[in-house]
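Source file: query.tsv; contents: TSV, C-alpha atoms and all ligand atoms.
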```tsv
chain	number	residue	atom	x	y	z
I	1	MET	CA	-13.17	13.79	-7.18
I	2	LYS	CA	-13.43	15.08	-3.65
I	3	ASN	CA	-10.21	13.49	-2.52
I	4	TRP	CA	-7.75	14.95	-4.99
I	5	LYS	CA	-6.65	17.71	-2.63
I	6	LYS	CA	-5.58	15.19	-0.05
I	7	LEU	CA	-3.92	13.25	-2.81
I	8	VAL	CA	-1.66	16.17	-3.60
I	9	ALA	CA	-0.88	16.41	0.10
I	10	LEU	CA	0.30	12.81	-0.03
I	11	GLY	CA	2.58	13.72	-2.93
I	12	LEU	CA	4.29	16.38	-0.87
I	13	SER	CA	4.68	14.23	2.17
I	14	ALA	CA	6.09	11.41	0.11
I	15	MET	CA	8.70	13.73	-1.35
I	16	MET	CA	9.74	14.71	2.14
I	17	LEU	CA	9.79	11.07	3.11
I	18	ALA	CA	11.89	10.24	0.06
I	19	SER	CA	14.51	12.70	1.07
I	20	MET	CA	14.48	11.36	4.60
I	21	VAL	CA	14.81	7.67	3.85
I	22	GLY	CA	16.90	8.06	0.74
I	23	CYS	CA	16.69	4.39	-0.14
I	24	SER	CA	14.19	1.69	-0.96
I	25	THR	CA	11.88	0.59	1.80
I	26	THR	CA	10.60	-2.43	-0.03
I	27	GLU	CA	12.88	-4.96	1.55
I	28	SER	CA	11.36	-7.26	4.12
I	29	THR	CA	11.11	-5.41	7.38
I	30	GLY	CA	9.87	-8.34	9.38
I	31	GLY	CA	12.96	-8.92	11.42
I	32	ALA	CA	12.86	-5.72	13.40
I	33	GLU	CA	15.78	-5.27	15.71
I	34	GLY	CA	14.91	-5.66	19.31
I	35	GLY	CA	11.26	-6.53	18.60
I	36	SER	CA	9.69	-9.93	18.53
I	37	ALA	CA	8.85	-9.76	14.84
I	38	GLU	CA	9.81	-12.93	13.08
I	39	GLY	CA	9.94	-11.81	9.52
I	40	GLU	CA	7.93	-13.04	6.63
I	41	GLU	CA	8.87	-16.68	6.71
I	42	ALA	CA	6.10	-19.24	6.67
I	43	ALA	CA	6.95	-20.32	10.18
I	44	PRO	CA	4.21	-21.69	12.38
I	45	ALA	CA	2.77	-19.18	14.80
I	46	ALA	CA	4.53	-20.77	17.74
I	47	SER	CA	8.01	-19.40	17.67
I	48	GLY	CA	10.49	-22.20	17.35
I	49	ASP	CA	12.76	-20.82	20.04
I	50	GLY	CA	10.00	-20.95	22.61
I	51	GLU	CA	9.55	-17.17	22.65
I	52	SER	CA	6.05	-16.37	23.85
I	53	MET	CA	3.61	-14.61	21.57
I	54	GLU	CA	1.50	-13.59	24.55
I	55	GLY	CA	0.72	-9.89	24.51
I	56	THR	CA	2.08	-9.43	20.99
I	57	HIS	CA	0.18	-7.49	18.33
I	58	VAL	CA	0.09	-9.70	15.25
I	59	PHE	CA	-0.05	-8.32	11.73
I	60	MET	CA	-1.15	-10.95	9.20
I	61	PHE	CA	-1.02	-10.34	5.45
I	62	LYS	CA	-2.60	-12.59	2.78
I	63	SER	CA	0.69	-14.42	2.24
I	64	THR	CA	4.43	-13.97	2.46
I	65	GLY	CA	6.62	-12.58	-0.29
I	66	ASN	CA	4.45	-9.54	-1.10
I	67	SER	CA	6.13	-6.12	-0.74
I	68	PHE	CA	2.73	-4.49	-0.24
I	69	GLY	CA	2.26	-6.54	2.95
I	70	ASP	CA	5.86	-5.85	4.05
I	71	LEU	CA	5.35	-2.10	3.68
I	72	MET	CA	2.09	-2.15	5.62
I	73	PHE	CA	3.84	-4.04	8.40
I	74	GLU	CA	6.65	-1.47	8.37
I	75	GLY	CA	4.12	1.25	9.24
I	76	PHE	CA	2.22	-0.94	11.71
I	77	GLU	CA	5.37	-1.94	13.55
I	78	GLU	CA	6.79	1.56	13.68
I	79	TYR	CA	3.58	3.00	15.11
I	80	MET	CA	3.08	0.24	17.66
I	81	GLU	CA	6.68	0.18	18.81
I	82	ALA	CA	6.64	3.94	19.35
I	83	LYS	CA	3.79	3.18	21.74
I	84	GLY	CA	5.97	0.59	23.50
I	85	GLU	CA	4.06	-2.42	22.11
I	86	LYS	CA	5.46	-5.72	20.80
I	87	THR	CA	4.59	-6.70	17.25
I	88	ALA	CA	4.99	-9.73	15.00
I	89	TYR	CA	4.54	-10.23	11.26
I	90	LYS	CA	2.83	-13.58	10.63
I	91	SER	CA	1.64	-14.52	7.16
I	92	PRO	CA	1.22	-17.96	5.64
I	93	ALA	CA	3.20	-19.07	2.61
I	94	GLU	CA	0.02	-19.80	0.64
I	95	THR	CA	-2.58	-17.20	-0.26
I	96	THR	CA	-5.51	-19.23	1.08
I	97	VAL	CA	-8.20	-18.90	3.73
I	98	GLN	CA	-7.22	-22.22	5.28
I	99	ALA	CA	-3.56	-21.28	5.64
I	100	GLN	CA	-4.53	-18.09	7.47
I	101	VAL	CA	-7.08	-19.91	9.64
I	102	ASN	CA	-4.49	-22.49	10.75
I	103	MET	CA	-2.04	-19.79	11.69
I	104	LEU	CA	-4.69	-17.71	13.47
I	105	ASP	CA	-5.81	-20.71	15.46
I	106	GLU	CA	-2.35	-21.18	16.90
I	107	LEU	CA	-1.84	-17.48	17.60
I	108	ILE	CA	-5.12	-17.28	19.49
I	109	THR	CA	-4.06	-20.24	21.63
I	110	GLN	CA	-0.95	-18.27	22.50
I	111	ASN	CA	-2.97	-15.29	23.74
I	112	VAL	CA	-1.75	-12.65	21.35
I	113	ALA	CA	-2.88	-9.10	22.21
I	114	SER	CA	-4.59	-8.35	18.89
I	115	ILE	CA	-4.89	-9.43	15.27
I	116	THR	CA	-4.64	-6.99	12.37
I	117	ILE	CA	-5.35	-8.86	9.16
I	118	SER	CA	-5.75	-8.64	5.38
I	119	THR	CA	-7.90	-11.66	4.50
I	120	ASN	CA	-7.91	-14.11	1.61
I	121	GLY	CA	-11.68	-14.54	1.45
I	122	ASP	CA	-14.94	-13.49	3.03
I	123	ALA	CA	-15.98	-16.94	4.20
I	124	GLY	CA	-14.31	-19.57	6.33
I	125	TYR	CA	-13.04	-17.46	9.22
I	126	ASP	CA	-16.14	-17.50	11.47
I	127	GLU	CA	-15.02	-20.21	13.83
I	128	VAL	CA	-11.52	-18.89	14.37
I	129	PHE	CA	-12.65	-15.27	14.67
I	130	LYS	CA	-15.27	-16.36	17.20
I	131	ARG	CA	-12.54	-17.96	19.30
I	132	ALA	CA	-10.58	-14.71	19.20
I	133	GLN	CA	-13.66	-12.74	20.22
I	134	GLU	CA	-14.36	-15.10	23.12
I	135	LYS	CA	-10.82	-14.61	24.36
I	136	GLY	CA	-11.10	-10.83	24.05
I	137	ILE	CA	-8.57	-10.57	21.22
I	138	PRO	CA	-9.67	-7.70	18.98
I	139	ILE	CA	-9.58	-8.08	15.20
I	140	VAL	CA	-9.01	-5.11	12.91
I	141	SER	CA	-8.82	-5.65	9.17
I	142	VAL	CA	-6.81	-3.66	6.66
I	143	ASP	CA	-6.66	-3.84	2.85
I	144	SER	CA	-8.88	-6.94	2.50
I	145	GLU	CA	-11.85	-7.03	4.88
I	146	ALA	CA	-12.58	-9.42	7.72
I	147	ASN	CA	-16.16	-10.47	8.49
I	148	PRO	CA	-17.97	-7.42	9.99
I	149	GLU	CA	-19.45	-9.58	12.72
I	150	TYR	CA	-16.05	-10.20	14.26
I	151	ARG	CA	-13.93	-7.19	13.44
I	152	ILE	CA	-13.69	-3.93	15.39
I	153	CYS	CA	-13.45	-2.07	12.10
I	154	HIS	CA	-11.86	-2.26	8.70
I	155	THR	CA	-9.07	0.10	7.62
I	156	ASN	CA	-9.91	1.19	4.10
I	157	GLN	CA	-7.01	2.44	2.00
I	158	ALA	CA	-9.14	4.74	-0.14
I	159	GLU	CA	-12.75	5.00	-1.31
I	160	THR	CA	-13.61	1.82	-3.20
I	161	ALA	CA	-15.70	3.69	-5.76
I	162	ASP	CA	-12.85	6.11	-6.47
I	163	ILE	CA	-10.37	3.30	-7.02
I	164	GLY	CA	-12.73	1.51	-9.43
I	165	SER	CA	-13.48	4.71	-11.35
I	166	TYR	CA	-9.90	5.90	-11.63
I	167	LEU	CA	-8.65	2.50	-12.79
I	168	VAL	CA	-11.19	2.32	-15.61
I	169	GLN	CA	-10.65	5.96	-16.57
I	170	ALA	CA	-6.87	5.47	-16.68
I	171	ALA	CA	-7.21	2.29	-18.78
I	172	VAL	CA	-9.47	3.98	-21.34
I	173	LEU	CA	-7.28	7.11	-21.55
I	174	ILE	CA	-4.22	4.91	-22.02
I	175	THR	CA	-5.98	2.96	-24.78
I	176	LEU	CA	-6.73	6.27	-26.48
I	177	GLY	CA	-3.03	7.20	-26.21
I	178	ILE	CA	-3.67	10.15	-23.87
I	179	ASP	CA	-1.07	11.13	-21.27
I	180	TYR	CA	-2.17	11.47	-17.67
I	181	PRO	CA	-4.17	14.71	-17.83
I	182	GLY	CA	-3.58	15.82	-14.23
I	183	ASP	CA	-5.29	15.53	-10.88
I	184	GLY	CA	-9.05	15.48	-11.08
I	185	LYS	CA	-9.09	15.67	-14.88
I	186	MET	CA	-9.42	12.07	-16.03
I	187	GLU	CA	-13.21	11.92	-16.26
I	188	ASP	CA	-13.56	15.31	-17.96
I	189	THR	CA	-10.85	14.43	-20.46
I	190	LEU	CA	-12.65	11.19	-21.30
I	191	LYS	CA	-15.93	13.02	-21.77
I	192	GLU	CA	-14.18	15.31	-24.26
I	193	GLU	CA	-12.22	12.63	-26.08
I	194	LEU	CA	-14.48	9.57	-26.23
I	195	PRO	CA	-17.11	11.16	-28.54
I	196	ASN	CA	-14.33	11.57	-31.15
I	197	TYR	CA	-13.34	7.93	-30.92
I	198	SER	CA	-14.67	5.88	-33.80
I	199	GLY	CA	-12.63	2.68	-33.56
I	200	ASP	CA	-13.75	-0.74	-32.33
I	201	GLU	CA	-15.37	-0.93	-28.94
I	202	ILE	CA	-12.54	-0.74	-26.37
I	203	LYS	CA	-12.18	-3.92	-24.35
I	204	LEU	CA	-10.58	-4.01	-20.90
I	205	GLY	CA	-9.10	-7.00	-19.12
I	206	VAL	CA	-8.57	-7.45	-15.39
I	207	LEU	CA	-5.70	-9.46	-13.95
I	208	SER	CA	-6.73	-9.85	-10.33
I	209	ALA	CA	-5.53	-11.69	-7.22
I	210	SER	CA	-7.64	-14.70	-6.21
I	211	ILE	CA	-11.24	-15.15	-7.32
I	212	ASP	CA	-12.32	-14.84	-3.66
I	213	THR	CA	-10.24	-11.91	-2.43
I	214	PRO	CA	-12.67	-9.40	-0.90
I	215	VAL	CA	-10.69	-6.26	-1.66
I	216	GLN	CA	-10.01	-6.96	-5.33
I	217	ASN	CA	-13.60	-8.09	-5.84
I	218	SER	CA	-14.89	-4.85	-4.36
I	219	TRP	CA	-12.70	-2.87	-6.77
I	220	ILE	CA	-13.84	-4.97	-9.74
I	221	ALA	CA	-17.47	-4.29	-8.79
I	222	ALA	CA	-16.65	-0.57	-8.68
I	223	MET	CA	-15.00	-0.82	-12.13
I	224	GLU	CA	-18.14	-2.46	-13.52
I	225	GLU	CA	-20.22	0.31	-11.99
I	226	GLU	CA	-18.00	2.95	-13.58
I	227	LEU	CA	-18.49	1.33	-16.99
I	228	THR	CA	-22.26	1.88	-16.75
I	229	LYS	CA	-21.75	5.67	-17.04
I	230	ASP	CA	-23.34	7.07	-20.20
I	231	PHE	CA	-20.21	8.42	-21.81
I	232	TYR	CA	-18.75	4.90	-22.19
I	233	ALA	CA	-21.80	3.57	-24.07
I	234	GLY	CA	-20.90	2.13	-27.47
I	235	LYS	CA	-17.25	3.13	-27.00
I	236	VAL	CA	-16.07	0.87	-24.19
I	237	SER	CA	-17.42	-2.62	-23.54
I	238	PRO	CA	-19.23	-2.87	-20.17
I	239	GLU	CA	-17.85	-6.41	-19.82
I	240	LEU	CA	-14.46	-6.92	-18.18
I	241	ASP	CA	-12.42	-9.95	-19.23
I	242	LYS	CA	-11.25	-11.26	-15.83
I	243	LYS	CA	-8.36	-13.55	-15.03
I	244	TYR	CA	-6.90	-14.48	-11.66
I	245	GLY	CA	-3.21	-14.89	-10.81
I	246	ASN	CA	-3.68	-15.54	-7.06
I	247	ASP	CA	-1.09	-12.88	-6.14
I	248	ASP	CA	1.54	-15.37	-7.20
I	249	LEU	CA	4.20	-14.22	-9.65
I	250	THR	CA	4.23	-17.42	-11.70
I	251	GLU	CA	0.44	-17.78	-11.89
I	252	SER	CA	0.03	-14.07	-12.67
I	253	THR	CA	2.59	-14.37	-15.47
I	254	THR	CA	0.70	-17.35	-16.91
I	255	GLN	CA	-2.53	-15.35	-16.90
I	256	ALA	CA	-0.84	-12.29	-18.43
I	257	ASN	CA	0.52	-14.54	-21.18
I	258	ALA	CA	-3.02	-15.84	-21.76
I	259	PHE	CA	-4.18	-12.24	-22.35
I	260	ILE	CA	-1.29	-11.79	-24.78
I	261	ALA	CA	-2.08	-15.03	-26.66
I	262	GLU	CA	-5.81	-14.24	-26.91
I	263	ASN	CA	-5.07	-10.63	-27.91
I	264	SER	CA	-8.67	-9.56	-27.34
I	265	VAL	CA	-8.27	-6.71	-24.83
I	266	ASP	CA	-6.77	-3.26	-25.37
I	267	CYS	CA	-5.59	-2.64	-21.84
I	268	ILE	CA	-5.17	-4.82	-18.76
I	269	ILE	CA	-6.08	-3.37	-15.37
I	270	SER	CA	-4.27	-5.22	-12.61
I	271	PRO	CA	-5.54	-4.19	-9.17
I	272	THR	CA	-2.75	-6.01	-7.35
I	273	THR	CA	0.90	-5.12	-7.02
I	274	VAL	CA	1.91	-8.71	-7.79
I	275	GLY	CA	-0.30	-8.95	-10.87
I	276	ILE	CA	0.71	-5.62	-12.39
I	277	ALA	CA	4.43	-6.36	-12.05
I	278	ALA	CA	3.97	-9.81	-13.62
I	279	ALA	CA	1.91	-8.33	-16.46
I	280	GLY	CA	4.49	-5.56	-16.97
I	281	GLN	CA	7.22	-8.12	-17.51
I	282	ALA	CA	5.10	-10.38	-19.74
I	283	LEU	CA	3.91	-7.50	-21.94
I	284	LYS	CA	7.37	-6.00	-22.21
I	285	SER	CA	9.00	-9.30	-23.18
I	286	SER	CA	6.35	-10.15	-25.76
I	287	ASN	CA	6.23	-6.73	-27.45
I	288	SER	CA	2.45	-7.02	-27.25
I	289	GLU	CA	0.35	-4.00	-28.13
I	290	ILE	CA	-1.79	-4.49	-25.05
I	291	MET	CA	-1.29	-1.69	-22.54
I	292	LEU	CA	-1.30	-1.87	-18.75
I	293	THR	CA	-2.43	0.07	-15.70
I	294	GLY	CA	-3.52	-0.80	-12.17
I	295	LEU	CA	-2.27	-0.66	-8.62
I	296	GLY	CA	1.47	-0.97	-8.37
I	297	LEU	CA	4.54	-0.14	-6.33
I	298	PRO	CA	6.86	2.29	-8.16
I	299	SER	CA	9.92	0.30	-7.07
I	300	GLU	CA	8.54	-2.85	-8.71
I	301	MET	CA	7.21	-1.10	-11.82
I	302	GLN	CA	10.13	1.10	-12.78
I	303	SER	CA	11.18	-1.10	-15.75
I	304	PHE	CA	7.70	-0.96	-17.22
I	305	MET	CA	6.96	2.74	-16.76
I	306	PRO	CA	8.38	6.04	-17.93
I	307	GLY	CA	11.02	7.42	-15.56
I	308	SER	CA	11.11	11.12	-16.33
I	309	ALA	CA	9.02	13.96	-17.69
I	310	ASP	CA	10.94	13.90	-20.97
I	311	ASP	CA	10.01	10.30	-21.73
I	312	ASP	CA	7.28	9.27	-24.16
I	313	ALA	CA	4.96	7.51	-21.70
I	314	PHE	CA	3.60	5.30	-24.49
I	315	GLU	CA	6.95	3.69	-25.11
I	316	SER	CA	6.41	1.92	-21.80
I	317	VAL	CA	3.80	-0.81	-21.33
I	318	CYS	CA	2.36	1.05	-18.33
I	319	PRO	CA	2.22	4.82	-18.94
I	320	TYR	CA	0.64	5.49	-15.54
I	321	MET	CA	-0.81	3.64	-12.55
I	322	MET	CA	-1.83	4.33	-8.98
I	323	LEU	CA	-1.61	3.33	-5.35
I	324	TRP	CA	-1.62	5.04	-1.95
I	325	ASP	CA	0.84	5.44	0.92
I	326	VAL	CA	1.05	1.81	1.99
I	327	ILE	CA	3.34	2.47	4.98
I	328	HIS	CA	0.91	5.03	6.37
I	329	LEU	CA	-1.97	2.60	5.77
I	330	GLY	CA	-0.27	0.02	7.99
I	331	ALA	CA	0.30	2.69	10.65
I	332	VAL	CA	-3.38	3.73	10.60
I	333	ALA	CA	-4.37	0.08	11.07
I	334	GLY	CA	-1.91	-0.04	13.97
I	335	ALA	CA	-3.45	3.07	15.50
I	336	ALA	CA	-6.95	1.58	15.20
I	337	THR	CA	-5.81	-1.66	16.82
I	338	TYR	CA	-3.91	0.18	19.56
I	339	ALA	CA	-6.99	2.28	20.32
I	340	ALA	CA	-9.17	-0.84	20.41
I	341	VAL	CA	-6.89	-2.47	22.99
I	342	ASN	CA	-5.99	0.56	25.08
I	343	ASP	CA	-8.42	3.42	24.53
I	344	GLY	CA	-11.84	1.80	24.35
I	345	PHE	CA	-12.30	2.29	20.59
I	346	ASP	CA	-15.12	-0.12	19.72
I	347	GLY	CA	-15.46	0.65	16.02
I	348	ALA	CA	-19.15	1.61	16.22
I	349	ALA	CA	-20.18	4.08	13.52
I	350	GLY	CA	-19.35	7.56	14.82
I	351	SER	CA	-16.78	6.37	17.34
I	352	SER	CA	-13.27	7.68	16.83
I	353	PHE	CA	-9.65	7.40	17.87
I	354	GLU	CA	-6.63	9.68	17.83
I	355	MET	CA	-3.62	8.66	15.82
I	356	ASP	CA	-0.29	10.18	16.91
I	357	ALA	CA	1.83	12.05	14.39
I	358	PHE	CA	3.50	9.51	12.13
I	359	ARG	CA	6.58	10.38	10.09
I	360	ASP	CA	5.51	13.53	8.24
I	361	TYR	CA	1.79	13.10	8.92
I	362	GLU	CA	0.31	15.24	11.67
I	363	ALA	CA	-1.66	13.69	14.52
I	364	GLU	CA	-5.16	12.94	13.24
I	365	SER	CA	-8.52	11.77	14.46
I	366	TYR	CA	-10.21	8.90	12.58
I	367	GLU	CA	-13.94	8.32	12.80
I	368	ALA	CA	-15.56	4.98	11.97
I	369	TYR	CA	-18.28	5.09	9.30
I	370	GLU	CA	-20.69	2.44	8.12
I	371	SER	CA	-19.21	0.23	5.43
I	372	GLY	CA	-21.19	-2.75	4.15
I	373	ASP	CA	-22.44	-4.64	7.19
I	374	GLY	CA	-19.70	-3.24	9.39
I	375	THR	CA	-17.64	-0.11	9.84
I	376	ALA	CA	-14.38	1.25	8.48
I	377	VAL	CA	-11.99	4.14	8.84
I	378	LEU	CA	-10.56	5.79	5.75
I	379	ALA	CA	-6.77	6.02	5.62
I	380	GLY	CA	-6.05	7.82	2.35
I	381	THR	CA	-6.69	8.40	-1.34
I	382	PRO	CA	-5.43	6.88	-4.58
I	383	TYR	CA	-2.36	8.63	-5.93
I	384	ILE	CA	-1.26	8.57	-9.57
I	385	PHE	CA	2.28	7.61	-10.53
I	386	TYR	CA	3.28	8.87	-13.96
I	387	LYS	CA	6.28	10.18	-15.83
I	388	ASP	CA	6.49	13.45	-13.89
I	389	ASN	CA	6.70	11.89	-10.42
I	390	MET	CA	7.96	8.30	-10.81
I	391	ALA	CA	11.57	9.21	-10.03
I	392	GLU	CA	10.58	10.62	-6.62
I	393	TRP	CA	8.63	7.54	-5.66
I	394	ILE	CA	10.87	4.66	-6.67
I	395	GLY	CA	12.87	4.97	-3.46
I	396	VAL	CA	9.79	5.38	-1.27
I	397	LEU	CA	7.30	2.66	-2.14
V	1	LIG	C1	-1.45	-6.62	-3.63
V	1	LIG	C2	-2.44	-7.23	-2.70
V	1	LIG	C3	-3.23	-6.24	-1.90
V	1	LIG	C4	-3.66	-5.07	-2.76
V	1	LIG	C5	-2.48	-4.44	-3.41
V	1	LIG	C6	-2.87	-3.27	-4.28
V	1	LIG	O1	-0.20	-6.60	-3.12
V	1	LIG	O2	-3.25	-8.03	-3.44
V	1	LIG	O3	-4.36	-6.85	-1.38
V	1	LIG	O4	-4.37	-4.13	-2.03
V	1	LIG	O5	-1.84	-5.40	-4.20
```

Just give me the structure as structure tokens.
Ligand code: RAM
Amino acid sequence: MKNWKKLVALGLSAMMLASMVGCSTTESTGGAEGGSAEGEEAAPAASGDGESMEGTHVFMFKSTGNSFGDLMFEGFEEYMEAKGEKTAYKSPAETTVQAQVNMLDELITQNVASITISTNGDAGYDEVFKRAQEKGIPIVSVDSEANPEYRICHTNQAETADIGSYLVQAAVLITLGIDYPGDGKMEDTLKEELPNYSGDEIKLGVLSASIDTPVQNSWIAAMEEELTKDFYAGKVSPELDKKYGNDDLTESTTQANAFIAENSVDCIISPTTVGIAAAGQALKSSNSEIMLTGLGLPSEMQSFMPGSADDDAFESVCPYMMLWDVIHLGAVAGAATYAAVNDGFDGAAGSSFEMDAFRDYEAESYEAYESGDGTAVLAGTPYIFYKDNMAEWIGVL
């Protein structure tokens, strides 16, 4: 629970941010005025009007049409442009490795300055990443990792183990009908409450993105690890029932409806903003008893969650959920990329870069640490959205 203090700090800064922006930031921000960003259309990398991509910092999300990617780009673009750099938002229409590879190939040919990417898989990029490396185009990943061999570093939103643990803990507490117990108190509350539970073994479902997405798979592995803790034994099944909606609204809705038809899980954990919103709608429309939690954007989840402290959280399909400051995450990835291009940041474990003050975040130094076969920097912590704070966040994320 070491990160809860920082988590509260995020809450404060988001409130300040909310009062500053005063409106939703979830619209597409791709078409920045004066910049070379081309928005989130599935256009080929070569700009149709002949505008050169040379020297542009490219931000590539898994696919278009995902507010999570748009918000990351908002932070990336703002940070880079404050440094006087040109940026572009380039994501394929389809959430596939091949679609990203095709687009990357063209961007590399056009001598872009850097590539900051959230990937659709951990295999299939070697050839194209090698080309980038040979041309001296640095690759930084964010959200979903790129192959360690070719990236400078990964930008990790929050500790993987924490995300996995908190998601399982929230799902079990919700199944037991327990309100969010407060920062740092989920595990202790479960240890107190689970021994008194004598019903059927609790069964959790997962509605994920694609079967190959590195980031969701790492969180699922962390969820499975969490379920091996002693206090779950005999009370919560160690097996997760997994379905994949490919971060597509229609496919995610189909999979959520399959959970509803089978009616064999108590709570669905959806570790994707697309999946959780689809499941929220499906569960709400069907009046199913299955509950929901996961990683969601407050703006997209407001119809499926309680909106004020006076509400009964359990009248909503999703009493509480979590995420992190997605805009700041994009800015940290931008700072890592900027440092790689301009300040000699090579991503080796122990190497570091300075990030300028960003919105209401102070200037901060980020140090790369070993992560899997590569390195990463840690941008933030998971933050819980629940009835007491939803209203503040709807206009922010
Ligand atoms: C989705 C994407 C992204 C994930 C978030 C939580 O929008 O799948 O990869 O990190 O949700």

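Minimum atom-to-atom distance to Glu315 of chain I, evaluated using all atoms listed in the file, belongs to I:Asn287 out of I:Asn287, I:Ser365, I:Thr253, I:Ser299.
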
* To do: Tell me, as number ranges by chain, which residues lie within 10 Å of Asp143 of chain I, counting all atoms listed in the file; anything in the same chain fewer than 5 positions away does not count.
  => I: 61-62, 68-69, 72, 117-119, 154-158, 214-216, 326, 329-330, 333

Sorted per-residue table, chain I near ligand LIG 1 (chain V), closest atoms and distance, 10 Å, only C-alpha atoms and all ligand atoms, as CSV:
```
residue,atom,partner,partner_atom,distance
I:Phe61,CA,V:LIG1,O3,8.4
I:Lys62,CA,V:LIG1,O3,7.3
I:Ser63,CA,V:LIG1,C2,9.3
I:Gly65,CA,V:LIG1,O1,9.5
I:Asn66,CA,V:LIG1,O1,5.9
I:Ser67,CA,V:LIG1,O1,6.8
I:Phe68,CA,V:LIG1,O1,4.6
I:Gly69,CA,V:LIG1,O1,6.5
I:Asp70,CA,V:LIG1,O1,9.4
I:Leu71,CA,V:LIG1,O1,9.9
I:Thr95,CA,V:LIG1,O2,9.7
I:Ser118,CA,V:LIG1,O3,7.1
I:Thr119,CA,V:LIG1,O3,8.4
I:Asn120,CA,V:LIG1,O3,8.6
I:Val142,CA,V:LIG1,O3,9.0
I:Asp143,CA,V:LIG1,O4,5.4
I:Ser144,CA,V:LIG1,O3,6.0
I:Glu145,CA,V:LIG1,O3,9.8
I:Asn156,CA,V:LIG1,O4,9.8
I:Gln157,CA,V:LIG1,O4,8.1
I:Ser208,CA,V:LIG1,O2,7.9
I:Ala209,CA,V:LIG1,O2,5.7
I:Ser210,CA,V:LIG1,O2,8.5
I:Thr213,CA,V:LIG1,O3,7.8
I:Pro214,CA,V:LIG1,O3,8.7
I:Val215,CA,V:LIG1,O3,6.4
I:Gln216,CA,V:LIG1,O3,6.9
I:Trp219,CA,V:LIG1,O4,9.7
I:Asn246,CA,V:LIG1,O2,8.3
I:Asp247,CA,V:LIG1,O2,6.0
I:Asp248,CA,V:LIG1,O2,9.5
I:Ser270,CA,V:LIG1,C6,8.7
I:Pro271,CA,V:LIG1,C6,5.6
I:Thr272,CA,V:LIG1,O5,3.3
I:Thr273,CA,V:LIG1,O5,3.9
I:Val274,CA,V:LIG1,O1,5.5
I:Gly275,CA,V:LIG1,C1,7.7
I:Ile276,CA,V:LIG1,O5,8.6
I:Gly294,CA,V:LIG1,C6,8.3
I:Leu295,CA,V:LIG1,C6,5.1
I:Gly296,CA,V:LIG1,C6,6.4
I:Leu297,CA,V:LIG1,C6,8.3
I:Met322,CA,V:LIG1,C6,9.0
I:Leu323,CA,V:LIG1,C6,6.8
I:Trp324,CA,V:LIG1,C6,8.7
I:Val326,CA,V:LIG1,C6,9.0
```

Keeping only C-alpha atoms, write those residues as a CSV table (one decimal), in the frame of the given file.
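So part24.csv came out as:
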```
chain,number,residue,atom,x,y,z
I,61,PHE,CA,-1.0,-10.3,5.4
I,62,LYS,CA,-2.6,-12.6,2.8
I,63,SER,CA,0.7,-14.4,2.2
I,65,GLY,CA,6.6,-12.6,-0.3
I,66,ASN,CA,4.4,-9.5,-1.1
I,67,SER,CA,6.1,-6.1,-0.7
I,68,PHE,CA,2.7,-4.5,-0.2
I,69,GLY,CA,2.3,-6.5,3.0
I,70,ASP,CA,5.9,-5.8,4.0
I,71,LEU,CA,5.4,-2.1,3.7
I,95,THR,CA,-2.6,-17.2,-0.3
I,118,SER,CA,-5.8,-8.6,5.4
I,119,THR,CA,-7.9,-11.7,4.5
I,120,ASN,CA,-7.9,-14.1,1.6
I,142,VAL,CA,-6.8,-3.7,6.7
I,143,ASP,CA,-6.7,-3.8,2.8
I,144,SER,CA,-8.9,-6.9,2.5
I,145,GLU,CA,-11.8,-7.0,4.9
I,156,ASN,CA,-9.9,1.2,4.1
I,157,GLN,CA,-7.0,2.4,2.0
I,208,SER,CA,-6.7,-9.8,-10.3
I,209,ALA,CA,-5.5,-11.7,-7.2
I,210,SER,CA,-7.6,-14.7,-6.2
I,213,THR,CA,-10.2,-11.9,-2.4
I,214,PRO,CA,-12.7,-9.4,-0.9
I,215,VAL,CA,-10.7,-6.3,-1.7
I,216,GLN,CA,-10.0,-7.0,-5.3
I,219,TRP,CA,-12.7,-2.9,-6.8
I,246,ASN,CA,-3.7,-15.5,-7.1
I,247,ASP,CA,-1.1,-12.9,-6.1
I,248,ASP,CA,1.5,-15.4,-7.2
I,270,SER,CA,-4.3,-5.2,-12.6
I,271,PRO,CA,-5.5,-4.2,-9.2
I,272,THR,CA,-2.8,-6.0,-7.4
I,273,THR,CA,0.9,-5.1,-7.0
I,274,VAL,CA,1.9,-8.7,-7.8
I,275,GLY,CA,-0.3,-9.0,-10.9
I,276,ILE,CA,0.7,-5.6,-12.4
I,294,GLY,CA,-3.5,-0.8,-12.2
I,295,LEU,CA,-2.3,-0.7,-8.6
I,296,GLY,CA,1.5,-1.0,-8.4
I,297,LEU,CA,4.5,-0.1,-6.3
I,322,MET,CA,-1.8,4.3,-9.0
I,323,LEU,CA,-1.6,3.3,-5.4
I,324,TRP,CA,-1.6,5.0,-2.0
I,326,VAL,CA,1.0,1.8,2.0
```

* To do: Mind checking which residues fall within 7 Å of Gly347 of chain I, counting all atoms listed in the file, ignoring those fewer than 3 positions away in the same chain, and posting them as a list in words?
  =>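 Near neighbours after the sequence-gap exclusion: Ile152, Cys153, Ser351, Ala368 and Thr375 of chain I.
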
File of the preceding selection, C-alpha atoms, as a PDB file, in the frame of the given file:
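Ended up saving to selection_21.pdb:
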```
ATOM      1  CA  ILE I 152     -13.690  -3.930  15.390  1.00  0.00           C
ATOM      2  CA  CYS I 153     -13.450  -2.070  12.100  1.00  0.00           C
ATOM      3  CA  SER I 351     -16.780   6.370  17.340  1.00  0.00           C
ATOM      4  CA  ALA I 368     -15.560   4.980  11.970  1.00  0.00           C
ATOM      5  CA  THR I 375     -17.640  -0.110   9.840  1.00  0.00           C
TER       6      THR I 375
END
```
